Structures are given as structure tokens and as C-alpha cells.
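Everything on this sheet refers to the single structure shown next.
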Amino acid sequence: METTRTFALRDYNLATTLTCGQAFRWQQQDRWWTGVIGTRWVRLRSESGSITAETAEPVADWDWLTHYLQLHVDLGEVLRAFPNDEPMRAAVAACRGLRLLRQDPWECLASFILSSTKQIVQIRQIITLLCERYGEPLAVVPGGTRASAFPAPARLARATEAELRACKMGFRAPYLRTTAGLIAGGQCDLERLRDLPVEVARAELIKLPGVGRKIADCVLLFAYGSQSAFPVDVWVMKALRQLYFPRRRVSLQRLHQFAASHFGPSAGYAQQYLFHYMRTGGRT
DNA sequence: GCCCAGGTGAAGC
DNA sequence: GCTTCACATGGG
């Protein structure tokens, strides 16, 4: 049992991974990245060849952290499965060490319901308010900033629409509240979806209010790890059209077909590389 | 003021 | 089927 542990690894850009728009609660404080994974407060520090983690309370088994960070993944193997074309070579060069996390399905689903037509900085604001107001307080290190767990579905289902709107989520409030109720009531079982074929799980997710193809694909990829999920938002659409179909009109449906056939067994990773590449304009 | 942001659902054709 | 529009809020 200890509160600190160091993990040896390579090809892991912690800062890019935690801020590239897949998770929304990580904050930089001095040399540490502070966040919450499940019901544990944790902070992470990256050094060359290792990541050091510190928790508030002693930990016997660190699997929750290595699983979240996907430390066992061989990034070289992932990248070798990318198509060998110019757009992907440029994206890889711009996103050194970018990894996919493996997040909690409910937090991921709720976060992306709040993401629609919002900039990442605003999504972070909304989620911060939501956690402060409705999440269970967590133990932190002495002198650490207060922290809360992501609010449980039942807690958000119990909030009023007006209360949720006060967290600045606007028209997304009824979507979040109703979906929270369906999860809390067991009409949708997020743990069961983990074991279903990806097409079936996607169809189940899309039944939830405020969840369409894009948000369903985010949950399939970021929470369940389905590499065939390829979320197409405005940035990825821009990337596909500019880089693969310049000066042509291509429908969203056609882009999905192209993505499904072109990007291979690391498609989900390829999507995140294109997303980050476009958002940062090729800067690292 | 204007356009845009990790979209979705409903209404119109 | 596909296209258009409303929906809140804040950044640039």
C-alpha cells in the first residue's frame, strides 16, 4: 500500500493526451496534472521515460490507473496500422505520444452530451460546475484543491432542468437530465453495452435523447475502446474533406463509409490524431 | 455585430 | 430519403 508510484513507459505525451478533447477534467498545477478517475483523486507527473502518480489515500492495486491511461498499449504497433498516406504521416508528426484513454462510460456519455456545438474550453467549464454542485466530495492531498467525483446518474436525474441550466449547459439540460434518468432507472445498462457487438451498442446509445451517431461513437471509442468507432465532428469532417477529398462535395454518410474502409484496425486512434492535428493547425 | 464551437431532433421538402 | 433550422452560451 502506497500513495505514490512510478510507471516506466515510452512514447507517452501526457499533456497532449489529457487535453486533446477526449477527457475534460484534467488541470495543470505546477508540474502536476490533477484529476479524478472514478472515485479517486489523483495527480500525475510526466518525466522522460516514466509517469509518477500520487493519490490522496493508500492504494493496494493500481490497475484502475494503468487501465485508464492504457499504459500497456504499444503505441508503435498502433501507428504501424495507420494507412501510409501523406495526411496520416503529417498527423503522426504533429501528435507525438498522443494516446487514447479508457474512460468510465457514464462520465464519457454525459460529457459528450454536453459537448454539442461547444468549444472544449466551455465543455470544461460546464463539467466543472456540474461536478462542484452534484458530485460527491473526494479526499485530496493536504493542501490540495477541493475535488469531487463525476455526479451519479441518479443525482442528475433528481436535479431540475433549471438547476442544470444554471451550470451553463443551455438546451442540453433536458437531454442530460432525461438520459441520466434512463441510466439510473436501468432502462439503459451501460455495463451491458460493453459486451455487445459495436453496431448493437451504437444503436442502443442512439436511442438516448441528445445522443446521435457522433456522441455514440465517442462513447464507443473513449469508454469501450472500440477501434472501429470513428467520431466525425466538425474538425474531423474538415480534415477528411480537405486532406482526402479536396474540391469535392462529399456527404457525411460517404465520409463514414470512407473512414470505415480506409483507416484499418487503428481507426479510432487515427481519428483522434486527425482531430488534434486539425485543431492545432499542425503545431505540436 | 458576426461566425463558430467534438450535434441533435424536428420540420420541411 | 435529404436539407434546413432552432437550440444556449461564450470565444475570437
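Chain lettering (A, B, ...) mirrors the order of the C-alpha cells, residue numbering begins at 1 for each chain separately, and ligand numbering begins at 1 in order of display.
For DA6 of chain C, the residues within 12 Å (counting only C-alpha atoms (C1' of nucleotides), excluding itself and residues fewer than 3 positions away along the chain) are A:Phe171, B:DT8, B:DG9, B:DA10, B:DA11.
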task: Just the strand (DSSP E or B) stuff from segment 75-168 of chain A, please, per backbone DSSP, written as a PyMOL selection string.
output: chain A and resi 137-138+147-148
Taking N, CA, C and O atoms for each residue, export the selection above as a PDB file, in the first residue's frame.
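In the end it all went to out33.pdb:
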```pdb
ATOM      1  N   PRO A 137     -17.908  14.780  -2.707  1.00  0.00           N
ATOM      2  CA  PRO A 137     -16.566  15.282  -2.390  1.00  0.00           C
ATOM      3  C   PRO A 137     -15.582  14.133  -2.196  1.00  0.00           C
ATOM      4  O   PRO A 137     -15.953  13.081  -1.685  1.00  0.00           O
ATOM      5  N   LEU A 138     -14.342  14.363  -2.595  1.00  0.00           N
ATOM      6  CA  LEU A 138     -13.314  13.321  -2.502  1.00  0.00           C
ATOM      7  C   LEU A 138     -12.163  13.797  -1.625  1.00  0.00           C
ATOM      8  O   LEU A 138     -11.906  14.994  -1.492  1.00  0.00           O
ATOM      9  N   ALA A 147     -11.997  18.585  -4.564  1.00  0.00           N
ATOM     10  CA  ALA A 147     -12.314  17.817  -5.769  1.00  0.00           C
ATOM     11  C   ALA A 147     -13.551  16.969  -5.520  1.00  0.00           C
ATOM     12  O   ALA A 147     -13.850  16.605  -4.378  1.00  0.00           O
ATOM     13  N   SER A 148     -14.278  16.675  -6.595  1.00  0.00           N
ATOM     14  CA  SER A 148     -15.487  15.872  -6.494  1.00  0.00           C
ATOM     15  C   SER A 148     -15.496  14.799  -7.558  1.00  0.00           C
ATOM     16  O   SER A 148     -14.900  14.964  -8.626  1.00  0.00           O
TER      17      SER A 148
END
```
With chain C as the partner and 8 Å as the cut-off, tabulate the residues of chain A that qualify, each row holding the nearest pair of atoms and their distance in Å to one decimal, using only C-alpha atoms (C1' of nucleotides), sorted by chain and rising number, as JSON lines.
```
{"residue": "A:Gln122", "atom": "CA", "partner": "C:DG10", "partner_atom": "C1'", "distance": 7.4}
{"residue": "A:Lys168", "atom": "CA", "partner": "C:DT9", "partner_atom": "C1'", "distance": 7.0}
{"residue": "A:Met169", "atom": "CA", "partner": "C:DA8", "partner_atom": "C1'", "distance": 7.1}
{"residue": "A:Gly170", "atom": "CA", "partner": "C:DA8", "partner_atom": "C1'", "distance": 4.2}
{"residue": "A:Phe171", "atom": "CA", "partner": "C:DC7", "partner_atom": "C1'", "distance": 5.7}
```
field: Proximal residues of chain B relative to chain A (only C-alpha atoms (C1' of nucleotides); 8 Å) as a PyMOL selection string
entry: chain B and resi 5-8
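In this model, the gap between atom CA of Glu163 of chain A and atom CA of Thr128 of chain A comes to 14.5 Å.
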Within 12 Å of segment 39-63 of chain A, which residues of segment 132-202 of chain A show up? Give each one with its shortest atom-to-atom distance in Å (one decimal) and the two atoms involved, counting only C-alpha atoms, rows by chain then rising residue number, as JSON lines.
```
{"residue": "A:Gly135", "atom": "CA", "partner": "A:Thr39", "partner_atom": "CA", "distance": 9.9}
{"residue": "A:Glu136", "atom": "CA", "partner": "A:Thr39", "partner_atom": "CA", "distance": 8.5}
{"residue": "A:Pro137", "atom": "CA", "partner": "A:Thr39", "partner_atom": "CA", "distance": 9.1}
{"residue": "A:Leu138", "atom": "CA", "partner": "A:Trp41", "partner_atom": "CA", "distance": 6.6}
{"residue": "A:Ala139", "atom": "CA", "partner": "A:Ala56", "partner_atom": "CA", "distance": 6.0}
{"residue": "A:Val140", "atom": "CA", "partner": "A:Ala56", "partner_atom": "CA", "distance": 4.8}
{"residue": "A:Val141", "atom": "CA", "partner": "A:Ala56", "partner_atom": "CA", "distance": 4.7}
{"residue": "A:Pro142", "atom": "CA", "partner": "A:Ala56", "partner_atom": "CA", "distance": 8.1}
{"residue": "A:Gly143", "atom": "CA", "partner": "A:Ala56", "partner_atom": "CA", "distance": 10.9}
{"residue": "A:Gly144", "atom": "CA", "partner": "A:Ala56", "partner_atom": "CA", "distance": 9.3}
{"residue": "A:Thr145", "atom": "CA", "partner": "A:Trp41", "partner_atom": "CA", "distance": 10.3}
{"residue": "A:Arg146", "atom": "CA", "partner": "A:Trp41", "partner_atom": "CA", "distance": 9.6}
{"residue": "A:Ala147", "atom": "CA", "partner": "A:Trp41", "partner_atom": "CA", "distance": 7.1}
{"residue": "A:Ser148", "atom": "CA", "partner": "A:Trp41", "partner_atom": "CA", "distance": 8.1}
{"residue": "A:Ala149", "atom": "CA", "partner": "A:Thr39", "partner_atom": "CA", "distance": 5.5}
{"residue": "A:Phe150", "atom": "CA", "partner": "A:Thr39", "partner_atom": "CA", "distance": 8.1}
{"residue": "A:Pro151", "atom": "CA", "partner": "A:Thr39", "partner_atom": "CA", "distance": 10.3}
{"residue": "A:Ala152", "atom": "CA", "partner": "A:Thr39", "partner_atom": "CA", "distance": 10.9}
```
